[in-house]
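The file protein-v4.cif contains mmCIF, N, CA and C atoms and all ligand atoms:
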data_work
loop_
_atom_site.label_atom_id
_atom_site.label_comp_id
_atom_site.auth_asym_id
_atom_site.auth_seq_id
_atom_site.Cartn_x
_atom_site.Cartn_y
_atom_site.Cartn_z
N MET A 1 -114.23 67.50 -107.08
CA MET A 1 -113.16 66.77 -107.80
C MET A 1 -113.52 65.29 -107.92
N LEU A 2 -113.50 64.78 -109.13
CA LEU A 2 -113.81 63.37 -109.34
C LEU A 2 -112.56 62.52 -109.18
N PRO A 3 -112.73 61.28 -108.74
CA PRO A 3 -111.57 60.38 -108.67
C PRO A 3 -110.95 60.21 -110.06
N LYS A 4 -109.66 59.93 -110.09
CA LYS A 4 -108.97 59.85 -111.39
C LYS A 4 -108.89 58.44 -111.95
N THR A 5 -109.05 57.47 -111.08
CA THR A 5 -109.02 56.08 -111.56
C THR A 5 -110.25 55.34 -111.04
N ARG A 6 -110.52 54.22 -111.70
CA ARG A 6 -111.67 53.40 -111.32
C ARG A 6 -111.47 52.84 -109.90
N GLY A 7 -110.24 52.44 -109.62
CA GLY A 7 -109.92 51.91 -108.30
C GLY A 7 -110.19 52.94 -107.21
N GLN A 8 -109.75 54.14 -107.48
CA GLN A 8 -109.96 55.24 -106.54
C GLN A 8 -111.45 55.53 -106.36
N ALA A 9 -112.16 55.48 -107.49
CA ALA A 9 -113.61 55.73 -107.45
C ALA A 9 -114.30 54.69 -106.58
N LYS A 10 -113.86 53.44 -106.74
CA LYS A 10 -114.44 52.35 -105.94
C LYS A 10 -114.16 52.57 -104.45
N GLU A 11 -112.94 52.94 -104.17
CA GLU A 11 -112.55 53.20 -102.78
C GLU A 11 -113.39 54.32 -102.17
N GLU A 12 -113.60 55.36 -102.98
CA GLU A 12 -114.33 56.51 -102.47
C GLU A 12 -115.84 56.34 -102.58
N GLY A 13 -116.25 55.26 -103.23
CA GLY A 13 -117.67 55.01 -103.39
C GLY A 13 -118.33 55.97 -104.37
N SER A 14 -117.52 56.47 -105.30
CA SER A 14 -118.08 57.38 -106.30
C SER A 14 -118.62 56.59 -107.49
N ARG A 15 -119.73 57.02 -108.01
CA ARG A 15 -120.35 56.30 -109.13
C ARG A 15 -119.63 56.59 -110.44
N ILE A 16 -118.94 57.71 -110.49
CA ILE A 16 -118.21 58.08 -111.71
C ILE A 16 -116.80 58.53 -111.38
N TYR A 17 -115.96 58.51 -112.39
CA TYR A 17 -114.60 59.02 -112.24
C TYR A 17 -114.17 59.65 -113.55
N PHE A 18 -113.07 60.39 -113.47
CA PHE A 18 -112.62 61.10 -114.67
C PHE A 18 -111.12 60.98 -114.80
N THR A 19 -110.69 60.28 -115.84
CA THR A 19 -109.26 60.02 -116.00
C THR A 19 -108.54 61.20 -116.65
N GLY A 20 -109.29 62.07 -117.32
CA GLY A 20 -108.67 63.18 -118.03
C GLY A 20 -108.25 62.77 -119.44
N LYS A 21 -108.31 61.44 -119.71
CA LYS A 21 -107.94 60.95 -121.04
C LYS A 21 -109.20 60.69 -121.86
N ASP A 22 -109.07 60.82 -123.18
CA ASP A 22 -110.20 60.51 -124.05
C ASP A 22 -110.44 59.01 -124.06
N CYS A 23 -111.70 58.63 -124.25
CA CYS A 23 -111.99 57.21 -124.42
C CYS A 23 -111.57 56.79 -125.82
N LYS A 24 -111.71 55.49 -126.12
CA LYS A 24 -111.24 55.01 -127.42
C LYS A 24 -112.03 55.60 -128.58
N ARG A 25 -113.17 56.17 -128.29
CA ARG A 25 -113.93 56.82 -129.36
C ARG A 25 -113.77 58.34 -129.31
N GLY A 26 -112.85 58.79 -128.49
CA GLY A 26 -112.50 60.20 -128.50
C GLY A 26 -113.37 61.12 -127.65
N HIS A 27 -114.15 60.54 -126.74
CA HIS A 27 -114.94 61.38 -125.84
C HIS A 27 -114.09 61.77 -124.63
N SER A 28 -114.14 63.03 -124.29
CA SER A 28 -113.47 63.47 -123.08
C SER A 28 -114.54 63.56 -121.99
N GLN A 29 -114.92 62.40 -121.49
CA GLN A 29 -116.05 62.33 -120.58
C GLN A 29 -115.73 61.55 -119.33
N SER A 30 -116.56 61.73 -118.31
CA SER A 30 -116.44 60.92 -117.10
C SER A 30 -116.81 59.47 -117.45
N ARG A 31 -116.37 58.55 -116.60
CA ARG A 31 -116.69 57.14 -116.82
C ARG A 31 -117.47 56.58 -115.65
N TRP A 32 -118.25 55.58 -115.95
CA TRP A 32 -119.00 54.90 -114.89
C TRP A 32 -118.09 53.97 -114.13
N THR A 33 -118.11 54.05 -112.82
CA THR A 33 -117.27 53.18 -112.00
C THR A 33 -117.70 51.72 -112.17
N SER A 34 -118.98 51.47 -112.28
CA SER A 34 -119.49 50.10 -112.36
C SER A 34 -118.96 49.35 -113.58
N SER A 35 -118.90 50.02 -114.72
CA SER A 35 -118.51 49.33 -115.95
C SER A 35 -117.18 49.82 -116.51
N GLY A 36 -116.75 50.99 -116.08
CA GLY A 36 -115.54 51.58 -116.65
C GLY A 36 -115.80 52.21 -118.00
N GLY A 37 -117.07 52.22 -118.39
CA GLY A 37 -117.44 52.76 -119.69
C GLY A 37 -117.58 54.27 -119.67
N CYS A 38 -117.18 54.89 -120.76
CA CYS A 38 -117.34 56.33 -120.90
C CYS A 38 -118.83 56.67 -120.94
N MET A 39 -119.22 57.72 -120.24
CA MET A 39 -120.64 58.06 -120.13
C MET A 39 -121.26 58.32 -121.50
N GLU A 40 -120.47 58.95 -122.36
CA GLU A 40 -120.97 59.29 -123.69
C GLU A 40 -121.20 58.01 -124.52
N CYS A 41 -120.22 57.10 -124.43
CA CYS A 41 -120.35 55.83 -125.16
C CYS A 41 -121.55 55.04 -124.66
N VAL A 42 -121.70 54.99 -123.34
CA VAL A 42 -122.82 54.25 -122.76
C VAL A 42 -124.14 54.85 -123.23
N LYS A 43 -124.19 56.17 -123.25
CA LYS A 43 -125.40 56.87 -123.69
C LYS A 43 -125.68 56.56 -125.17
N ASP A 44 -124.62 56.62 -125.98
CA ASP A 44 -124.76 56.30 -127.41
C ASP A 44 -125.34 54.91 -127.60
N ARG A 45 -124.77 53.98 -126.82
CA ARG A 45 -125.18 52.58 -126.96
C ARG A 45 -126.65 52.44 -126.56
N ARG A 46 -127.02 53.13 -125.49
CA ARG A 46 -128.42 53.07 -125.05
C ARG A 46 -129.35 53.64 -126.11
N ASP A 47 -128.95 54.77 -126.68
CA ASP A 47 -129.77 55.40 -127.71
C ASP A 47 -129.94 54.46 -128.90
N LYS A 48 -128.85 53.79 -129.25
CA LYS A 48 -128.86 52.89 -130.39
C LYS A 48 -129.81 51.72 -130.10
N GLU A 49 -129.66 51.15 -128.90
CA GLU A 49 -130.52 50.03 -128.53
C GLU A 49 -131.98 50.44 -128.50
N LYS A 50 -132.22 51.63 -127.99
CA LYS A 50 -133.57 52.16 -127.93
C LYS A 50 -134.12 52.32 -129.35
N GLY A 51 -133.27 52.83 -130.24
CA GLY A 51 -133.67 53.01 -131.63
C GLY A 51 -134.03 51.69 -132.28
N GLU A 52 -133.19 50.68 -132.02
CA GLU A 52 -133.46 49.36 -132.58
C GLU A 52 -134.74 48.78 -132.01
N TYR A 53 -134.91 49.00 -130.73
CA TYR A 53 -136.10 48.49 -130.05
C TYR A 53 -137.36 49.12 -130.64
N LEU A 54 -137.30 50.46 -130.83
CA LEU A 54 -138.45 51.17 -131.38
C LEU A 54 -138.71 50.72 -132.82
N ALA A 55 -137.63 50.50 -133.58
CA ALA A 55 -137.78 50.05 -134.96
C ALA A 55 -138.47 48.69 -134.99
N GLU A 56 -138.07 47.85 -134.03
CA GLU A 56 -138.67 46.53 -133.94
C GLU A 56 -140.15 46.62 -133.61
N LEU A 57 -140.47 47.49 -132.65
CA LEU A 57 -141.86 47.70 -132.27
C LEU A 57 -142.67 48.15 -133.47
N ASP A 58 -142.06 49.02 -134.26
CA ASP A 58 -142.74 49.55 -135.43
C ASP A 58 -143.04 48.43 -136.43
N ASP A 59 -142.05 47.56 -136.62
CA ASP A 59 -142.24 46.41 -137.51
C ASP A 59 -143.44 45.58 -137.06
N ILE A 60 -143.51 45.35 -135.76
CA ILE A 60 -144.58 44.54 -135.22
C ILE A 60 -145.93 45.21 -135.45
N SER A 61 -146.00 46.52 -135.21
CA SER A 61 -147.28 47.20 -135.38
C SER A 61 -147.69 47.22 -136.85
N ILE A 62 -146.70 47.35 -137.74
CA ILE A 62 -147.01 47.30 -139.18
C ILE A 62 -147.54 45.91 -139.54
N TYR A 63 -146.88 44.91 -138.99
CA TYR A 63 -147.26 43.53 -139.25
C TYR A 63 -148.70 43.28 -138.78
N ILE A 64 -148.99 43.74 -137.56
CA ILE A 64 -150.33 43.55 -137.01
C ILE A 64 -151.36 44.26 -137.88
N ARG A 65 -151.01 45.49 -138.28
CA ARG A 65 -151.93 46.26 -139.11
C ARG A 65 -152.18 45.53 -140.43
N ARG A 66 -151.09 44.98 -140.99
CA ARG A 66 -151.22 44.28 -142.27
C ARG A 66 -152.09 43.04 -142.10
N LYS A 67 -151.87 42.30 -141.03
CA LYS A 67 -152.66 41.11 -140.77
C LYS A 67 -154.13 41.47 -140.65
N LYS A 68 -154.38 42.57 -139.96
CA LYS A 68 -155.75 42.99 -139.73
C LYS A 68 -156.42 43.34 -141.05
N LYS A 69 -155.66 44.02 -141.91
CA LYS A 69 -156.18 44.41 -143.21
C LYS A 69 -156.51 43.15 -144.03
N GLU A 70 -155.57 42.20 -144.01
CA GLU A 70 -155.80 40.95 -144.72
C GLU A 70 -157.07 40.28 -144.20
N ASN A 71 -157.20 40.32 -142.91
CA ASN A 71 -158.34 39.70 -142.28
C ASN A 71 -159.65 40.38 -142.70
N ASP A 72 -159.63 41.69 -142.76
CA ASP A 72 -160.81 42.44 -143.20
C ASP A 72 -161.18 42.06 -144.63
N GLU A 73 -160.13 41.97 -145.47
CA GLU A 73 -160.37 41.61 -146.86
C GLU A 73 -160.91 40.19 -146.97
N TRP A 74 -160.39 39.35 -146.15
CA TRP A 74 -160.82 37.96 -146.14
C TRP A 74 -162.28 37.85 -145.71
N LEU A 75 -162.62 38.58 -144.66
CA LEU A 75 -164.01 38.58 -144.18
C LEU A 75 -164.95 39.14 -145.25
N GLU A 76 -164.46 40.18 -145.90
CA GLU A 76 -165.23 40.80 -146.98
C GLU A 76 -165.47 39.79 -148.11
N PHE A 77 -164.40 39.09 -148.45
CA PHE A 77 -164.47 38.07 -149.49
C PHE A 77 -165.44 36.96 -149.10
N GLN A 78 -165.34 36.51 -147.87
CA GLN A 78 -166.24 35.45 -147.39
C GLN A 78 -167.69 35.88 -147.48
N LYS A 79 -167.91 37.13 -147.11
CA LYS A 79 -169.27 37.67 -147.10
C LYS A 79 -169.85 37.69 -148.51
N SER A 80 -169.06 38.20 -149.46
CA SER A 80 -169.56 38.30 -150.83
C SER A 80 -169.71 36.90 -151.45
N TYR A 81 -168.82 36.01 -151.07
CA TYR A 81 -168.89 34.64 -151.58
C TYR A 81 -170.17 33.97 -151.07
N ARG A 82 -170.45 34.19 -149.82
CA ARG A 82 -171.64 33.61 -149.18
C ARG A 82 -172.91 34.12 -149.86
N GLU A 83 -172.87 35.41 -150.26
CA GLU A 83 -174.04 35.99 -150.91
C GLU A 83 -174.22 35.41 -152.31
N LYS A 84 -173.08 35.19 -152.99
CA LYS A 84 -173.13 34.67 -154.36
C LYS A 84 -173.43 33.17 -154.39
N TYR A 85 -172.76 32.44 -153.56
CA TYR A 85 -172.91 30.98 -153.56
C TYR A 85 -173.24 30.48 -152.16
N PRO A 86 -174.45 30.74 -151.72
CA PRO A 86 -174.79 30.37 -150.33
C PRO A 86 -174.60 28.88 -150.03
N GLU A 87 -174.94 28.02 -151.01
CA GLU A 87 -174.82 26.57 -150.74
C GLU A 87 -173.36 26.14 -150.63
N LYS A 88 -172.56 26.63 -151.59
CA LYS A 88 -171.14 26.30 -151.57
C LYS A 88 -170.49 26.81 -150.29
N ALA A 89 -170.85 28.05 -149.96
CA ALA A 89 -170.27 28.67 -148.76
C ALA A 89 -170.62 27.85 -147.52
N ALA A 90 -171.86 27.40 -147.48
CA ALA A 90 -172.31 26.59 -146.33
C ALA A 90 -171.53 25.28 -146.27
N ALA A 91 -171.31 24.69 -147.46
CA ALA A 91 -170.56 23.43 -147.52
C ALA A 91 -169.12 23.65 -147.07
N ILE A 92 -168.53 24.72 -147.57
CA ILE A 92 -167.14 25.04 -147.19
C ILE A 92 -167.05 25.29 -145.69
N GLU A 93 -167.99 26.06 -145.19
CA GLU A 93 -167.97 26.37 -143.76
C GLU A 93 -168.13 25.12 -142.91
N ALA A 94 -169.01 24.23 -143.38
CA ALA A 94 -169.23 22.97 -142.64
C ALA A 94 -167.93 22.19 -142.62
N LEU A 95 -167.25 22.15 -143.77
CA LEU A 95 -165.98 21.44 -143.90
C LEU A 95 -164.94 22.09 -142.98
N TYR A 96 -164.90 23.41 -143.03
CA TYR A 96 -163.94 24.17 -142.25
C TYR A 96 -164.16 23.95 -140.77
N ASN A 97 -165.42 23.97 -140.37
CA ASN A 97 -165.76 23.80 -138.96
C ASN A 97 -165.44 22.40 -138.47
N LYS A 98 -165.58 21.44 -139.41
CA LYS A 98 -165.30 20.05 -139.06
C LYS A 98 -163.79 19.87 -138.82
N ASN A 99 -163.02 20.54 -139.67
CA ASN A 99 -161.57 20.42 -139.58
C ASN A 99 -160.96 21.18 -138.42
N SER A 100 -161.61 22.23 -138.00
CA SER A 100 -161.00 23.06 -136.97
C SER A 100 -161.37 22.61 -135.57
ZN ZN B 1 -116.72 57.45 -125.23
#

Would you mind writing the file's structure down as structure tokens?
Ligand SMILES: [Zn+2]
Amino acid sequence: MLPKTRGQAKEEGSRIYFTGKDCKRGHSQSRWTSSGGCMECVKDRRDKEKGEYLAELDDISIYIRRKKKENDEWLEFQKSYREKYPEKAAAIEALYNKNS
């Protein structure tokens, strides 16, 4: 038998309690004593946060991939430029190296 109120749960040292009433989102679930939050709601929130976190990670990996691709194209461009205009390329590189 689970405690029926948060206060009772605290007294009994139970991590969860069950009021028998639906939460504001209509879940008929036990609640966490620590937060008073319905287990289902807490789980939903965690899933949502996890989803957002993963979406963010995905954005970053796409960004990195895109940067890498740009970089490859840039290196490719530099290489062909150097082959076509070795003197200009050397001058540009000297300038670039001086500035950096
Ligand atoms: Zn709920």

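The space separating atom N of Gly26 of chain A from atom C of Arg45 of chain A comes to 15.3 Å.
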
Restrict the calculation to all atoms listed in the file, then for each residue of chain A with any atom at most 6 Å from an atom of ligand ZN 1 (chain B) give the closest atom pair and their distance in Å to one decimal, rows by chain and rising residue number, as a Markdown table.
| residue | atom | partner | partner_atom | distance |
| --- | --- | --- | --- | --- |
| A:Cys23 | CA | B:ZN1 | ZN | 4.8 |
| A:Lys24 | N | B:ZN1 | ZN | 5.5 |
| A:Arg25 | N | B:ZN1 | ZN | 4.9 |
| A:Gly26 | N | B:ZN1 | ZN | 5.2 |
| A:His27 | N | B:ZN1 | ZN | 4.3 |
| A:Cys38 | CA | B:ZN1 | ZN | 4.5 |
| A:Met39 | N | B:ZN1 | ZN | 5.6 |
| A:Glu40 | C | B:ZN1 | ZN | 4.6 |
| A:Cys41 | N | B:ZN1 | ZN | 3.6 |
| A:Val42 | N | B:ZN1 | ZN | 5.9 |

Separation of atom CA of Arg31 of chain A from atom CA of Leu54 of chain A, in Å and rounded to one decimal
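Atom CA of Leu54 of chain A lies 26.9 Å from atom CA of Arg31 of chain A.
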
From a DSSP pass on the backbone, collect the residues of chain A flagged as alpha helix (DSSP H) and hand them back as a compact mmCIF listing (two decimals) with N, CA and C atoms, in the coordinates of the input.
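Okay, part06.txt is ready:
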# COMPACT_ATOMS: atom_id res chain seq x y z
N ARG A 6 -110.52 54.22 -111.70
CA ARG A 6 -111.67 53.40 -111.32
C ARG A 6 -111.47 52.84 -109.90
N GLY A 7 -110.24 52.44 -109.62
CA GLY A 7 -109.92 51.91 -108.30
C GLY A 7 -110.19 52.94 -107.21
N GLN A 8 -109.75 54.14 -107.48
CA GLN A 8 -109.96 55.24 -106.54
C GLN A 8 -111.45 55.53 -106.36
N ALA A 9 -112.16 55.48 -107.49
CA ALA A 9 -113.61 55.73 -107.45
C ALA A 9 -114.30 54.69 -106.58
N LYS A 10 -113.86 53.44 -106.74
CA LYS A 10 -114.44 52.35 -105.94
C LYS A 10 -114.16 52.57 -104.45
N GLU A 11 -112.94 52.94 -104.17
CA GLU A 11 -112.55 53.20 -102.78
C GLU A 11 -113.39 54.32 -102.17
N GLU A 12 -113.60 55.36 -102.98
CA GLU A 12 -114.33 56.51 -102.47
C GLU A 12 -115.84 56.34 -102.58
N MET A 39 -119.22 57.72 -120.24
CA MET A 39 -120.64 58.06 -120.13
C MET A 39 -121.26 58.32 -121.50
N GLU A 40 -120.47 58.95 -122.36
CA GLU A 40 -120.97 59.29 -123.69
C GLU A 40 -121.20 58.01 -124.52
N CYS A 41 -120.22 57.10 -124.43
CA CYS A 41 -120.35 55.83 -125.16
C CYS A 41 -121.55 55.04 -124.66
N VAL A 42 -121.70 54.99 -123.34
CA VAL A 42 -122.82 54.25 -122.76
C VAL A 42 -124.14 54.85 -123.23
N LYS A 43 -124.19 56.17 -123.25
CA LYS A 43 -125.40 56.87 -123.69
C LYS A 43 -125.68 56.56 -125.17
N ASP A 44 -124.62 56.62 -125.98
CA ASP A 44 -124.76 56.30 -127.41
C ASP A 44 -125.34 54.91 -127.60
N ARG A 45 -124.77 53.98 -126.82
CA ARG A 45 -125.18 52.58 -126.96
C ARG A 45 -126.65 52.44 -126.56
N ARG A 46 -127.02 53.13 -125.49
CA ARG A 46 -128.42 53.07 -125.05
C ARG A 46 -129.35 53.64 -126.11
N ASP A 47 -128.95 54.77 -126.68
CA ASP A 47 -129.77 55.40 -127.71
C ASP A 47 -129.94 54.46 -128.90
N LYS A 48 -128.85 53.79 -129.25
CA LYS A 48 -128.86 52.89 -130.39
C LYS A 48 -129.81 51.72 -130.10
N GLU A 49 -129.66 51.15 -128.90
CA GLU A 49 -130.52 50.03 -128.53
C GLU A 49 -131.98 50.44 -128.50
N LYS A 50 -132.22 51.63 -127.99
CA LYS A 50 -133.57 52.16 -127.93
C LYS A 50 -134.12 52.32 -129.35
N GLY A 51 -133.27 52.83 -130.24
CA GLY A 51 -133.67 53.01 -131.63
C GLY A 51 -134.03 51.69 -132.28
N GLU A 52 -133.19 50.68 -132.02
CA GLU A 52 -133.46 49.36 -132.58
C GLU A 52 -134.74 48.78 -132.01
N TYR A 53 -134.91 49.00 -130.73
CA TYR A 53 -136.10 48.49 -130.05
C TYR A 53 -137.36 49.12 -130.64
N LEU A 54 -137.30 50.46 -130.83
CA LEU A 54 -138.45 51.17 -131.38
C LEU A 54 -138.71 50.72 -132.82
N ALA A 55 -137.63 50.50 -133.58
CA ALA A 55 -137.78 50.05 -134.96
C ALA A 55 -138.47 48.69 -134.99
N GLU A 56 -138.07 47.85 -134.03
CA GLU A 56 -138.67 46.53 -133.94
C GLU A 56 -140.15 46.62 -133.61
N LEU A 57 -140.47 47.49 -132.65
CA LEU A 57 -141.86 47.70 -132.27
C LEU A 57 -142.67 48.15 -133.47
N ASP A 58 -142.06 49.02 -134.26
CA ASP A 58 -142.74 49.55 -135.43
C ASP A 58 -143.04 48.43 -136.43
N ASP A 59 -142.05 47.56 -136.62
CA ASP A 59 -142.24 46.41 -137.51
C ASP A 59 -143.44 45.58 -137.06
N ILE A 60 -143.51 45.35 -135.76
CA ILE A 60 -144.58 44.54 -135.22
C ILE A 60 -145.93 45.21 -135.45
N SER A 61 -146.00 46.52 -135.21
CA SER A 61 -147.28 47.20 -135.38
C SER A 61 -147.69 47.22 -136.85
N ILE A 62 -146.70 47.35 -137.74
CA ILE A 62 -147.01 47.30 -139.18
C ILE A 62 -147.54 45.91 -139.54
N TYR A 63 -146.88 44.91 -138.99
CA TYR A 63 -147.26 43.53 -139.25
C TYR A 63 -148.70 43.28 -138.78
N ILE A 64 -148.99 43.74 -137.56
CA ILE A 64 -150.33 43.55 -137.01
C ILE A 64 -151.36 44.26 -137.88
N ARG A 65 -151.01 45.49 -138.28
CA ARG A 65 -151.93 46.26 -139.11
C ARG A 65 -152.18 45.53 -140.43
N ARG A 66 -151.09 44.98 -140.99
CA ARG A 66 -151.22 44.28 -142.27
C ARG A 66 -152.09 43.04 -142.10
N LYS A 67 -151.87 42.30 -141.03
CA LYS A 67 -152.66 41.11 -140.77
C LYS A 67 -154.13 41.47 -140.65
N LYS A 68 -154.38 42.57 -139.96
CA LYS A 68 -155.75 42.99 -139.73
C LYS A 68 -156.42 43.34 -141.05
N LYS A 69 -155.66 44.02 -141.91
CA LYS A 69 -156.18 44.41 -143.21
C LYS A 69 -156.51 43.15 -144.03
N GLU A 70 -155.57 42.20 -144.01
CA GLU A 70 -155.80 40.95 -144.72
C GLU A 70 -157.07 40.28 -144.20
N ASN A 71 -157.20 40.32 -142.91
CA ASN A 71 -158.34 39.70 -142.28
C ASN A 71 -159.65 40.38 -142.70
N ASP A 72 -159.63 41.69 -142.76
CA ASP A 72 -160.81 42.44 -143.20
C ASP A 72 -161.18 42.06 -144.63
N GLU A 73 -160.13 41.97 -145.47
CA GLU A 73 -160.37 41.61 -146.86
C GLU A 73 -160.91 40.19 -146.97
N TRP A 74 -160.39 39.35 -146.15
CA TRP A 74 -160.82 37.96 -146.14
C TRP A 74 -162.28 37.85 -145.71
N LEU A 75 -162.62 38.58 -144.66
CA LEU A 75 -164.01 38.58 -144.18
C LEU A 75 -164.95 39.14 -145.25
N GLU A 76 -164.46 40.18 -145.90
CA GLU A 76 -165.23 40.80 -146.98
C GLU A 76 -165.47 39.79 -148.11
N PHE A 77 -164.40 39.09 -148.45
CA PHE A 77 -164.47 38.07 -149.49
C PHE A 77 -165.44 36.96 -149.10
N GLN A 78 -165.34 36.51 -147.87
CA GLN A 78 -166.24 35.45 -147.39
C GLN A 78 -167.69 35.88 -147.48
N LYS A 79 -167.91 37.13 -147.11
CA LYS A 79 -169.27 37.67 -147.10
C LYS A 79 -169.85 37.69 -148.51
N SER A 80 -169.06 38.20 -149.46
CA SER A 80 -169.56 38.30 -150.83
C SER A 80 -169.71 36.90 -151.45
N TYR A 81 -168.82 36.01 -151.07
CA TYR A 81 -168.89 34.64 -151.58
C TYR A 81 -170.17 33.97 -151.07
N ARG A 82 -170.45 34.19 -149.82
CA ARG A 82 -171.64 33.61 -149.18
C ARG A 82 -172.91 34.12 -149.86
N GLU A 83 -172.87 35.41 -150.26
CA GLU A 83 -174.04 35.99 -150.91
C GLU A 83 -174.22 35.41 -152.31
N LYS A 84 -173.08 35.19 -152.99
CA LYS A 84 -173.13 34.67 -154.36
C LYS A 84 -173.43 33.17 -154.39
N PRO A 86 -174.45 30.74 -151.72
CA PRO A 86 -174.79 30.37 -150.33
C PRO A 86 -174.60 28.88 -150.03
N GLU A 87 -174.94 28.02 -151.01
CA GLU A 87 -174.82 26.57 -150.74
C GLU A 87 -173.36 26.14 -150.63
N LYS A 88 -172.56 26.63 -151.59
CA LYS A 88 -171.14 26.30 -151.57
C LYS A 88 -170.49 26.81 -150.29
N ALA A 89 -170.85 28.05 -149.96
CA ALA A 89 -170.27 28.67 -148.76
C ALA A 89 -170.62 27.85 -147.52
N ALA A 90 -171.86 27.40 -147.48
CA ALA A 90 -172.31 26.59 -146.33
C ALA A 90 -171.53 25.28 -146.27
N ALA A 91 -171.31 24.69 -147.46
CA ALA A 91 -170.56 23.43 -147.52
C ALA A 91 -169.12 23.65 -147.07
N ILE A 92 -168.53 24.72 -147.57
CA ILE A 92 -167.14 25.04 -147.19
C ILE A 92 -167.05 25.29 -145.69
N GLU A 93 -167.99 26.06 -145.19
CA GLU A 93 -167.97 26.37 -143.76
C GLU A 93 -168.13 25.12 -142.91
N ALA A 94 -169.01 24.23 -143.38
CA ALA A 94 -169.23 22.97 -142.64
C ALA A 94 -167.93 22.19 -142.62
N LEU A 95 -167.25 22.15 -143.77
CA LEU A 95 -165.98 21.44 -143.90
C LEU A 95 -164.94 22.09 -142.98
N TYR A 96 -164.90 23.41 -143.03
CA TYR A 96 -163.94 24.17 -142.25
C TYR A 96 -164.16 23.95 -140.77
N ASN A 97 -165.42 23.97 -140.37
CA ASN A 97 -165.76 23.80 -138.96
C ASN A 97 -165.44 22.40 -138.47
N LYS A 98 -165.58 21.44 -139.41
CA LYS A 98 -165.30 20.05 -139.06
C LYS A 98 -163.79 19.87 -138.82
N ASN A 99 -163.02 20.54 -139.67
CA ASN A 99 -161.57 20.42 -139.58
C ASN A 99 -160.96 21.18 -138.42

For Thr19 of chain A, which residue out of A:Gly37, A:Pro86, A:Gly51, A:Pro3 is the nearest one, using only C-alpha atoms?
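That would be A:Pro3, the residue with the smallest distance to Thr19 of chain A.
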
Interatomic distance between atom CA of Asp58 of chain A and atom CA of Arg46 of chain A?
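These atoms are spaced 18.0 Å apart.
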
Hey, can I get the axis-aligned box for segment 40-49 of chain A? All listed atoms, 4 Å padding on each side, centre and edge lengths in Å to one decimal, as AutoDock Vina command-line options.
--center_x -126.1 --center_y 54.7 --center_z -126.4 --size_x 19.8 --size_y 17.3 --size_z 16.0
